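Participant: Mind looking over this structure? Questions follow.
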Amino acid sequence: MCGIVGYLGNRNAAPVLFEGLKKLEYRGYDSAGIAVMERGAFSVVRRAGRVSELGGAVSLGGKCGIGHTRWATHGAPVERNAHPHCYKRFAVVHNGIIENEHLLREECRARGEAFSSDTDSEVIAHLLEQDYEGDLLGALRKTASRLVGSYAVAVLCLDEPDVIALARRASPLVVGVGEGELFAASDVPAIAAAGVRVYALEEGEFALLRREGASFYAADGSPVRKEPVAYDLEDDVPEKKGYRHFMEKEMAEIPLVLSRSASVGELAALAPSLCGVERVQIVACGTAYHSGLCAKRAFEALARVPTEVTVASEYRYGDPIVPPHTLAIAVSQSGETADTLAAAELARGRGALLLAVTNVRYSSLTALADFSLFTQAGREIAVAATKSFNAQLMLLYRLAEALAEAKGKKIHAGALDFIPRLAEEAARAGGKVRGWVPHFLGARAAFFLGRGADYCAALEGSLKLKEISYLPSEGYAAGELKHGTLALVDRTTPVVAVLTDRALAEKTFNAVHETYARGAKVFLVTTLPEYAERDEVVSSVLLPECDPLFSPVLSVLPLQALAYYVSIARGNDPDKPRNLAKSVTVE
Ligand code: M6R
């Protein structure tokens, strides 16, 4: 992950870089740094912790510089591992992983070179110093050819003042061209401003930013002509709008986001291709994987099309069988998740039609896919996915209906149209979970139980809780608990059961009983009033009734809210949980 920025213009670079880094913090926030070039020397400020710790850097002079916000892969999140890394003539910021770092480092050491960090990235500065023969682009190309792995890099060289050299492989990088100034960044929001044209570097490309302008080069060094990409300025201004956290704001937006899914025009364009689909393979990570699990049930129930859901990092190394007429669906909020991209590419390479379900229109995933469907959730800033999950579900449910129609199956269309209104009711009812928080504060672990679609919601509720509250938590199939994990349940354990399918409810409640008998504190998220008041239950959220197949889109609301309130009560920042980042662009 990590975010990188570059600036060359007539303003002092450091404050521009600082502002850009703040907008990239979603990519990582365990340390940050800025280097500017002035009068033949680098001025560098690096700090452990968030970008705000760099406040002192803002006073640096120099009109040309690079910056970095880090999510540690190699080396602890401490100041000496923060970027930029400088070696002799070079300063480098890097997003990605250099997989042959060990060999390269040994090579450098054998030449008597000393390292000042534990990062894989520092080796790039050393290689540049070896490869430089008076031509920055040439040196960067040569160094890049020696790197195995992924990188977006921005480089300064003291011998070539007022130049920023850029390279990209498997990590995103964009260039901005404004009036008399040039920018580089991992993502558009860091450089988006009125009058700035944005150009995306493609796989294996290089760029040079000079006072005369930006030039782009293919891997073989030949010049490349580029068209600017379109972007929406409005969309790129993240504001809390009176909410305490982005997560709170994003949860509040869910009903509105769901109502947008009614107008997914691209679904109609996809319809003719659905007739021939004989199986579906879904690849995704984290919350998006849970969306895939929910979707599987809808695809199979409505369209009777066999559907597999695989964690992308497993799929990509699993030698998957992709029979003819397979529709592969890659689900990713960011469209930049490295494992999902690799899995999607593999599925497509083996003959699948590739559909991207993503929230980001100009992402690496959409560039790869045959078709793309956009979740229209709006920009999601909080690391914990909330509204994007609900939006993915609605879109995938609509896709399931479209697939069923293409397959000539009868469905009761229209049920999904009520979901946005029901989500408003569910969000109101879900406010009750605030009262559950004290039971979670004294706990050593929590469990989330469900069967069928409720199990998928339970998995997501559990991920949300552990991700932002740091309380160990398991989402479990209600019937599976007794096969080992029940040993963990004691009087301190809160158990949240999701119960929205009358046909399965009594069976799920058996499992609830088994935990209650061991002293667990039972909480219920249910659409079934007859269970809400049962003696075993400490407290229930009663949701409006909906088709159990689609119920996770509602039942997850109180679970997201619960995670949020527990996180705050434990003194955490729910928007920026420790060790995590919004966009996981490394393996
Ligand atoms: O951008 P993506 O949807 O591909 O991201 C996948 C996961 O990294 C993501 O859902 C992660 O699990 C969230 N932080 C969960 O809240």
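In the structure tokens, the first chain shown is A, the next is B, and so on; residue numbers restart at 1 for each chain, and ligands run from 1 in the order shown.
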Produce as a list of chain:residue names the set of residues near ligand 1, where near means within 6 Å with only C-alpha atoms and all ligand atoms considered.
Facilitator: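 Based on only C-alpha atoms and all ligand atoms, ligand 1 is surrounded within 6 Å by A:Cys285, A:Gly286, A:Thr287, A:Ala288, A:Ser332, A:Gln333, A:Ser334, A:Gly335, A:Thr337, A:Val383, A:Ala384, A:Ala385, A:Lys464, A:Lys582, A:Ser583, A:Val584.
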Participant: Based on the selection just made, write N, CA, C and O atoms of those residues as a PDB file, in the first residue's frame.
Facilitator:
```pdb
ATOM      1  N   CYS A 285     -11.664  -9.968  -1.561  1.00  0.00           N
ATOM      2  CA  CYS A 285     -10.994 -10.030  -0.259  1.00  0.00           C
ATOM      3  C   CYS A 285     -11.838  -9.331   0.809  1.00  0.00           C
ATOM      4  O   CYS A 285     -12.551  -8.367   0.490  1.00  0.00           O
ATOM      5  N   GLY A 286     -11.679  -9.754   2.039  1.00  0.00           N
ATOM      6  CA  GLY A 286     -12.264  -9.045   3.180  1.00  0.00           C
ATOM      7  C   GLY A 286     -13.769  -8.888   3.056  1.00  0.00           C
ATOM      8  O   GLY A 286     -14.507  -9.851   2.780  1.00  0.00           O
ATOM      9  N   THR A 287     -14.195  -7.678   3.266  1.00  0.00           N
ATOM     10  CA  THR A 287     -15.630  -7.391   3.209  1.00  0.00           C
ATOM     11  C   THR A 287     -16.208  -7.726   1.844  1.00  0.00           C
ATOM     12  O   THR A 287     -17.330  -8.242   1.733  1.00  0.00           O
ATOM     13  N   ALA A 288     -15.449  -7.453   0.792  1.00  0.00           N
ATOM     14  CA  ALA A 288     -15.945  -7.744  -0.560  1.00  0.00           C
ATOM     15  C   ALA A 288     -16.140  -9.251  -0.740  1.00  0.00           C
ATOM     16  O   ALA A 288     -17.046  -9.696  -1.462  1.00  0.00           O
ATOM     17  N   SER A 332     -14.575  -5.479  -5.661  1.00  0.00           N
ATOM     18  CA  SER A 332     -13.560  -4.689  -4.953  1.00  0.00           C
ATOM     19  C   SER A 332     -14.000  -3.241  -4.860  1.00  0.00           C
ATOM     20  O   SER A 332     -14.206  -2.595  -5.895  1.00  0.00           O
ATOM     21  N   GLN A 333     -14.149  -2.754  -3.654  1.00  0.00           N
ATOM     22  CA  GLN A 333     -14.500  -1.343  -3.471  1.00  0.00           C
ATOM     23  C   GLN A 333     -13.508  -0.465  -4.214  1.00  0.00           C
ATOM     24  O   GLN A 333     -13.887   0.373  -5.023  1.00  0.00           O
ATOM     25  N   SER A 334     -12.230  -0.678  -3.952  1.00  0.00           N
ATOM     26  CA  SER A 334     -11.196   0.210  -4.499  1.00  0.00           C
ATOM     27  C   SER A 334     -10.860  -0.081  -5.943  1.00  0.00           C
ATOM     28  O   SER A 334     -10.393   0.791  -6.669  1.00  0.00           O
ATOM     29  N   GLY A 335     -11.048  -1.323  -6.353  1.00  0.00           N
ATOM     30  CA  GLY A 335     -10.601  -1.728  -7.689  1.00  0.00           C
ATOM     31  C   GLY A 335      -9.087  -1.801  -7.788  1.00  0.00           C
ATOM     32  O   GLY A 335      -8.542  -1.914  -8.881  1.00  0.00           O
ATOM     33  N   THR A 337      -7.147  -3.685  -5.217  1.00  0.00           N
ATOM     34  CA  THR A 337      -6.615  -4.710  -4.312  1.00  0.00           C
ATOM     35  C   THR A 337      -5.757  -5.702  -5.100  1.00  0.00           C
ATOM     36  O   THR A 337      -6.244  -6.351  -6.038  1.00  0.00           O
ATOM     37  N   VAL A 383     -11.524   3.190   6.866  1.00  0.00           N
ATOM     38  CA  VAL A 383     -10.909   1.927   6.451  1.00  0.00           C
ATOM     39  C   VAL A 383     -11.926   0.789   6.500  1.00  0.00           C
ATOM     40  O   VAL A 383     -11.955  -0.071   5.622  1.00  0.00           O
ATOM     41  N   ALA A 384     -12.771   0.796   7.513  1.00  0.00           N
ATOM     42  CA  ALA A 384     -13.794  -0.245   7.607  1.00  0.00           C
ATOM     43  C   ALA A 384     -14.863   0.008   6.549  1.00  0.00           C
ATOM     44  O   ALA A 384     -15.506   1.055   6.541  1.00  0.00           O
ATOM     45  N   ALA A 385     -15.038  -0.948   5.665  1.00  0.00           N
ATOM     46  CA  ALA A 385     -16.043  -0.804   4.610  1.00  0.00           C
ATOM     47  C   ALA A 385     -17.431  -0.914   5.218  1.00  0.00           C
ATOM     48  O   ALA A 385     -17.709  -1.844   5.971  1.00  0.00           O
ATOM     49  N   LYS A 464     -16.072  -6.591  11.070  1.00  0.00           N
ATOM     50  CA  LYS A 464     -16.146  -5.161  11.422  1.00  0.00           C
ATOM     51  C   LYS A 464     -15.705  -4.955  12.857  1.00  0.00           C
ATOM     52  O   LYS A 464     -14.923  -4.067  13.155  1.00  0.00           O
ATOM     53  N   LYS A 582      -6.817   1.408   3.830  1.00  0.00           N
ATOM     54  CA  LYS A 582      -8.036   1.278   3.044  1.00  0.00           C
ATOM     55  C   LYS A 582      -7.816   0.453   1.785  1.00  0.00           C
ATOM     56  O   LYS A 582      -8.671  -0.327   1.383  1.00  0.00           O
ATOM     57  N   SER A 583      -6.694   0.679   1.160  1.00  0.00           N
ATOM     58  CA  SER A 583      -6.488   0.074  -0.145  1.00  0.00           C
ATOM     59  C   SER A 583      -5.262  -0.826  -0.058  1.00  0.00           C
ATOM     60  O   SER A 583      -4.170  -0.365   0.267  1.00  0.00           O
ATOM     61  N   VAL A 584      -5.452  -2.128  -0.327  1.00  0.00           N
ATOM     62  CA  VAL A 584      -4.372  -3.085  -0.089  1.00  0.00           C
ATOM     63  C   VAL A 584      -3.737  -3.451  -1.432  1.00  0.00           C
ATOM     64  O   VAL A 584      -4.099  -4.446  -2.052  1.00  0.00           O
TER      65      VAL A 584
END
```
Participant: What's around Ile568 of chain A at 12 Å? Count only C-alpha atoms, leave out sequence neighbours fewer than 2 positions away in its own chain, and write the answer as a ChimeraX atom specification.
Facilitator: /A:244-245,247-248,434,437-438,440-441,465,468-470,561-566,570-577
Participant: If you keep N, CA, C and O atoms, can you produce a file of those selected residues as a CSV table (one decimal), in the first residue's frame?
Facilitator:
```csv
chain,number,residue,atom,x,y,z
A,244,ARG,N,-18.9,12.7,13.6
A,244,ARG,CA,-17.7,12.7,14.4
A,244,ARG,C,-16.6,11.9,13.6
A,244,ARG,O,-15.4,12.2,13.7
A,245,HIS,N,-17.0,10.9,12.9
A,245,HIS,CA,-16.1,10.1,12.1
A,245,HIS,C,-16.6,9.9,10.7
A,245,HIS,O,-17.8,9.9,10.5
A,247,MET,N,-16.7,7.0,9.3
A,247,MET,CA,-17.4,5.8,9.3
A,247,MET,C,-18.9,6.1,9.7
A,247,MET,O,-19.8,5.5,9.1
A,248,GLU,N,-19.1,7.0,10.7
A,248,GLU,CA,-20.5,7.3,11.1
A,248,GLU,C,-21.2,7.9,9.9
A,248,GLU,O,-22.4,7.6,9.6
A,434,ARG,N,-26.1,0.7,20.9
A,434,ARG,CA,-25.3,1.5,21.8
A,434,ARG,C,-25.4,0.9,23.2
A,434,ARG,O,-24.4,0.9,24.0
A,437,VAL,N,-23.0,-2.0,24.3
A,437,VAL,CA,-21.5,-1.8,24.3
A,437,VAL,C,-20.9,-2.3,25.7
A,437,VAL,O,-19.8,-3.0,25.6
A,438,PRO,N,-21.4,-2.0,26.8
A,438,PRO,CA,-20.8,-2.4,28.1
A,438,PRO,C,-20.5,-3.9,28.1
A,438,PRO,O,-19.5,-4.4,28.7
A,440,PHE,N,-19.6,-5.7,25.8
A,440,PHE,CA,-18.4,-6.1,24.9
A,440,PHE,C,-17.1,-5.5,25.5
A,440,PHE,O,-16.1,-6.0,25.2
A,441,LEU,N,-17.2,-4.5,26.4
A,441,LEU,CA,-16.0,-3.9,26.9
A,441,LEU,C,-15.3,-4.9,27.9
A,441,LEU,O,-14.1,-4.9,27.9
A,465,LEU,N,-16.2,-5.8,13.8
A,465,LEU,CA,-15.9,-5.6,15.2
A,465,LEU,C,-14.4,-5.8,15.4
A,465,LEU,O,-13.8,-4.9,16.1
A,468,ILE,N,-12.0,-2.8,14.0
A,468,ILE,CA,-11.9,-1.4,14.5
A,468,ILE,C,-12.0,-1.4,16.1
A,468,ILE,O,-11.7,-0.4,16.7
A,469,SER,N,-12.4,-2.5,16.7
A,469,SER,CA,-12.4,-2.5,18.2
A,469,SER,C,-11.2,-3.3,18.7
A,469,SER,O,-10.9,-3.2,19.9
A,470,TYR,N,-10.6,-4.1,17.9
A,470,TYR,CA,-9.5,-5.0,18.3
A,470,TYR,C,-9.9,-6.1,19.3
A,470,TYR,O,-9.1,-6.7,19.9
A,561,ALA,N,-22.9,-0.7,13.2
A,561,ALA,CA,-23.1,0.3,14.3
A,561,ALA,C,-22.5,-0.2,15.6
A,561,ALA,O,-21.8,0.5,16.3
A,562,LEU,N,-22.7,-1.5,15.9
A,562,LEU,CA,-22.1,-2.0,17.1
A,562,LEU,C,-20.6,-1.9,17.1
A,562,LEU,O,-20.0,-1.5,18.1
A,563,ALA,N,-20.0,-2.3,16.0
A,563,ALA,CA,-18.5,-2.2,15.9
A,563,ALA,C,-18.1,-0.8,16.1
A,563,ALA,O,-17.1,-0.5,16.8
A,564,TYR,N,-18.8,0.1,15.5
A,564,TYR,CA,-18.4,1.6,15.6
A,564,TYR,C,-18.5,2.0,17.1
A,564,TYR,O,-17.5,2.6,17.6
A,565,TYR,N,-19.5,1.7,17.8
A,565,TYR,CA,-19.7,2.2,19.2
A,565,TYR,C,-18.7,1.5,20.1
A,565,TYR,O,-18.2,2.1,21.0
A,566,VAL,N,-18.4,0.2,19.9
A,566,VAL,CA,-17.4,-0.5,20.7
A,566,VAL,C,-16.0,0.1,20.5
A,566,VAL,O,-15.3,0.3,21.4
A,570,ARG,N,-13.7,2.0,23.3
A,570,ARG,CA,-12.4,1.5,23.7
A,570,ARG,C,-11.3,2.5,23.4
A,570,ARG,O,-10.1,2.2,23.5
A,571,GLY,N,-11.7,3.7,22.9
A,571,GLY,CA,-10.8,4.8,22.7
A,571,GLY,C,-10.0,4.7,21.4
A,571,GLY,O,-9.0,5.3,21.2
A,572,ASN,N,-10.6,3.9,20.4
A,572,ASN,CA,-9.9,3.8,19.1
A,572,ASN,C,-10.4,4.8,18.2
A,572,ASN,O,-11.4,5.4,18.4
A,573,ASP,N,-9.6,5.0,17.1
A,573,ASP,CA,-10.1,5.8,16.0
A,573,ASP,C,-10.7,4.9,14.9
A,573,ASP,O,-10.0,4.2,14.2
A,574,PRO,N,-12.0,4.8,14.8
A,574,PRO,CA,-12.6,3.8,13.9
A,574,PRO,C,-12.3,4.1,12.5
A,574,PRO,O,-12.3,3.2,11.7
A,575,ASP,N,-11.9,5.3,12.1
A,575,ASP,CA,-11.6,5.6,10.7
A,575,ASP,C,-10.2,5.1,10.3
A,575,ASP,O,-10.0,4.8,9.2
A,576,LYS,N,-9.3,5.0,11.3
A,576,LYS,CA,-8.0,4.5,11.0
A,576,LYS,C,-7.5,3.5,12.0
A,576,LYS,O,-6.7,3.7,12.8
A,577,PRO,N,-8.0,2.2,11.8
A,577,PRO,CA,-7.6,1.2,12.8
A,577,PRO,C,-6.2,0.8,12.6
A,577,PRO,O,-5.6,1.0,11.5
```
Participant: Fewer than 6 positions away in the same chain doesn't count, so skip those; otherwise give me all residues within 7 Å of Ala139 of chain A, counting only C-alpha atoms, as a list in words.
Facilitator: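 Contacts, with the query itself left out: Leu128, Asp131 and Tyr132 of chain A.
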Participant: Could those residues be written to a file, using N, CA and C atoms, as a PDB file, in the first residue's frame?
Facilitator:
```
ATOM      1  N   LEU A 128      19.882   2.888  -8.130  1.00  0.00           N
ATOM      2  CA  LEU A 128      19.909   4.090  -8.988  1.00  0.00           C
ATOM      3  C   LEU A 128      21.311   4.695  -9.001  1.00  0.00           C
ATOM      4  N   ASP A 131      23.371   2.678 -11.244  1.00  0.00           N
ATOM      5  CA  ASP A 131      22.977   2.659 -12.656  1.00  0.00           C
ATOM      6  C   ASP A 131      23.047   4.029 -13.323  1.00  0.00           C
ATOM      7  N   TYR A 132      23.303   5.072 -12.530  1.00  0.00           N
ATOM      8  CA  TYR A 132      23.244   6.438 -13.089  1.00  0.00           C
ATOM      9  C   TYR A 132      24.513   6.771 -13.880  1.00  0.00           C
TER      10      TYR A 132
END
```
Participant: Pull the strand (DSSP E or B) assignments for segment 232-453 of chain A out of DSSP run on the backbone, and list those residues as a PyMOL selection string.
Facilitator: chain A and resi 279-284+307-311+326-332+353-358+371-374+446-450
Participant: Just want the 6 Å neighbourhood of segment 4-14 of chain A, counted on only C-alpha atoms, with same-chain residues fewer than 6 positions away dropped. Output as JSON, numbers by chain.
Facilitator: {"A": [58, 61, 62, 63, 64, 65, 66, 67, 68, 181, 182, 183, 184, 185, 186]}
Participant: Filtering to all heavy atoms, could you give me those residues as a compact mmCIF listing (two decimals), in the first residue's frame?
Facilitator:
```txt
# COMPACT_ATOMS: atom_id res chain seq x y z
N VAL A 58 6.46 21.44 6.85
CA VAL A 58 5.78 22.41 5.99
C VAL A 58 6.62 23.67 5.80
O VAL A 58 6.46 24.39 4.83
CB VAL A 58 4.38 22.69 6.58
CG1 VAL A 58 3.64 23.73 5.82
CG2 VAL A 58 3.58 21.40 6.60
N GLY A 61 11.95 24.87 2.52
CA GLY A 61 11.92 25.60 1.24
C GLY A 61 12.04 24.59 0.11
O GLY A 61 12.01 23.38 0.33
N GLY A 62 12.15 25.05 -1.14
CA GLY A 62 12.32 24.13 -2.27
C GLY A 62 11.03 23.95 -3.03
O GLY A 62 9.97 23.76 -2.41
N LYS A 63 11.14 24.04 -4.35
CA LYS A 63 9.92 24.00 -5.19
C LYS A 63 9.71 22.64 -5.83
O LYS A 63 8.82 22.48 -6.66
CB LYS A 63 10.03 25.05 -6.32
CG LYS A 63 10.56 26.42 -5.89
CD LYS A 63 9.47 27.23 -5.26
CE LYS A 63 9.97 28.64 -4.95
NZ LYS A 63 9.28 29.26 -3.84
N CYS A 64 10.58 21.69 -5.50
CA CYS A 64 10.48 20.36 -6.11
C CYS A 64 10.67 19.33 -5.01
O CYS A 64 11.66 19.38 -4.28
CB CYS A 64 11.58 20.22 -7.18
SG CYS A 64 11.62 18.61 -7.96
N GLY A 65 9.72 18.41 -4.87
CA GLY A 65 9.86 17.44 -3.78
C GLY A 65 8.98 16.23 -3.95
O GLY A 65 8.14 16.15 -4.86
N ILE A 66 9.21 15.26 -3.06
CA ILE A 66 8.41 14.03 -3.06
C ILE A 66 8.01 13.71 -1.61
O ILE A 66 8.65 14.17 -0.67
CB ILE A 66 9.20 12.83 -3.66
CG1 ILE A 66 10.56 12.67 -2.95
CG2 ILE A 66 9.39 13.01 -5.15
CD1 ILE A 66 11.39 11.49 -3.47
N GLY A 67 6.92 12.97 -1.46
CA GLY A 67 6.45 12.63 -0.11
C GLY A 67 5.84 11.24 -0.09
O GLY A 67 5.55 10.64 -1.13
N HIS A 68 5.63 10.75 1.13
CA HIS A 68 5.21 9.34 1.28
C HIS A 68 4.44 9.16 2.58
O HIS A 68 4.80 9.73 3.61
CB HIS A 68 6.49 8.48 1.33
CG HIS A 68 6.25 7.01 1.30
ND1 HIS A 68 6.05 6.26 2.44
CD2 HIS A 68 6.20 6.14 0.27
CE1 HIS A 68 5.89 4.99 2.10
NE2 HIS A 68 5.97 4.88 0.79
N GLU A 181 2.64 24.01 -13.06
CA GLU A 181 3.05 23.07 -12.01
C GLU A 181 2.66 21.64 -12.36
O GLU A 181 1.70 21.40 -13.10
CB GLU A 181 2.51 23.47 -10.63
CG GLU A 181 1.07 23.82 -10.55
CD GLU A 181 0.68 24.40 -9.19
OE1 GLU A 181 1.55 24.67 -8.33
OE2 GLU A 181 -0.53 24.55 -8.99
N LEU A 182 3.41 20.71 -11.81
CA LEU A 182 3.23 19.29 -12.11
C LEU A 182 3.13 18.51 -10.80
O LEU A 182 3.80 18.86 -9.82
CB LEU A 182 4.43 18.77 -12.91
CG LEU A 182 4.58 19.43 -14.28
CD1 LEU A 182 6.03 19.43 -14.71
CD2 LEU A 182 3.72 18.73 -15.30
N PHE A 183 2.33 17.48 -10.84
CA PHE A 183 2.10 16.68 -9.63
C PHE A 183 2.23 15.20 -9.99
O PHE A 183 2.01 14.81 -11.14
CB PHE A 183 0.67 16.87 -9.10
CG PHE A 183 0.26 18.30 -8.90
CD1 PHE A 183 -0.23 19.06 -9.95
CD2 PHE A 183 0.34 18.88 -7.64
CE1 PHE A 183 -0.63 20.37 -9.77
CE2 PHE A 183 -0.05 20.19 -7.44
CZ PHE A 183 -0.54 20.95 -8.50
N ALA A 184 2.50 14.40 -8.97
CA ALA A 184 2.41 12.95 -9.13
C ALA A 184 1.78 12.41 -7.86
O ALA A 184 1.95 13.01 -6.79
CB ALA A 184 3.79 12.34 -9.31
N ALA A 185 1.04 11.33 -7.97
CA ALA A 185 0.42 10.75 -6.77
C ALA A 185 -0.04 9.33 -7.03
O ALA A 185 -0.23 8.93 -8.18
CB ALA A 185 -0.76 11.60 -6.32
N SER A 186 -0.26 8.62 -5.93
CA SER A 186 -0.81 7.26 -6.04
C SER A 186 -2.26 7.28 -6.44
O SER A 186 -2.79 6.27 -6.93
CB SER A 186 -0.70 6.55 -4.69
OG SER A 186 0.62 6.44 -4.29
```
Participant: What lies within 9 Å of segment 533-538 of chain A using only C-alpha atoms, ignoring chain neighbours under 2 positions off, as a list in words?
Facilitator: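 Once the nearby chain positions are removed, what remains is Trp436, Val512, His513, Tyr516, Lys521, Val522, Phe523, Leu524, Pro529, Glu530, Tyr531 and Ser540 of chain A.
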Participant: Would you kindly return, as a PyMOL selection string, each protein, DNA or RNA residue with an atom no farther than 8 Å from any atom of Gln392 of chain A, considering only C-alpha atoms and excluding same-chain residues fewer than 6 positions away?
Facilitator: chain A and resi 288+291+331+357-358+375
Participant: Compile the contact shell of segment 26-37 of chain A as an MDAnalysis selection string: residues with an atom at most 8 Å away, counting only C-alpha atoms, same-chain residues fewer than 3 positions apart removed.
Facilitator: chainID A and resid 1:3 13:14 17:18 23 40:51 53:54 57 60:72 77:79 82:84 91 156 158 161:162 381:383 576 579:584
Participant: Atom CA of Pro272 of chain A to atom CA of Leu416 of chain A: how many Å, to one decimal?
Facilitator: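 Pair atom CA of Pro272 of chain A / atom CA of Leu416 of chain A returns 21.9 Å.
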Participant: Measuring between only C-alpha atoms, which one of A:Ala298, A:Ala343, A:Leu258, A:Leu481 shows the shortest distance to Pro548 of chain A?
Facilitator: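 Among A:Ala298, A:Ala343, A:Leu258, A:Leu481, it is A:Ala298 that comes nearest to Pro548 of chain A.
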Participant: As number ranges by chain, list the residues of segment 217-388 of chain A assigned to helix (DSSP H, G or I) by DSSP on the backbone atoms of this structure.
Facilitator: A: 234-236, 246-252, 254-263, 266-274, 286-303, 312-315, 338-349, 364-368, 387-388
Participant: At what distance in Å, to one decimal, does atom CA of Val283 of chain A lie from atom CA of Ala369 of chain A?
Facilitator: 12.9 Å
Participant: Can you work out the spacing between atom CA of Phe418 of chain A and atom CA of Ala284 of chain A in Å, to one decimal?
Facilitator: 27.4 Å
Participant: Could you check which of A:Ala330, A:Val305, A:Leu542, A:Val489 is closest to Ala517 of chain A, using only C-alpha atoms?
Facilitator: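 Of all the options, A:Val489 lies closest to Ala517 of chain A.
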Participant: Could you tell me which of A:Val188, A:Leu140, A:Leu422, A:Met251 comes closest to Leu24 of chain A if we count only C-alpha atoms?
Facilitator: A:Val188
Participant: Which residue, A:Glu308, A:Gly351, A:Tyr231, A:Pro15, has the smallest gap to Arg197 of chain A when you use only C-alpha atoms?
Facilitator: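 Checking each of A:Glu308, A:Gly351, A:Tyr231, A:Pro15 against Arg197 of chain A, counting only C-alpha atoms, the winner is A:Tyr231.
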Participant: Which residue is closest to Gly138 of chain A? Choose from A:Gly221, A:Gly20, A:Gly96, A:Gly176 and count only C-alpha atoms.
Facilitator: A:Gly221
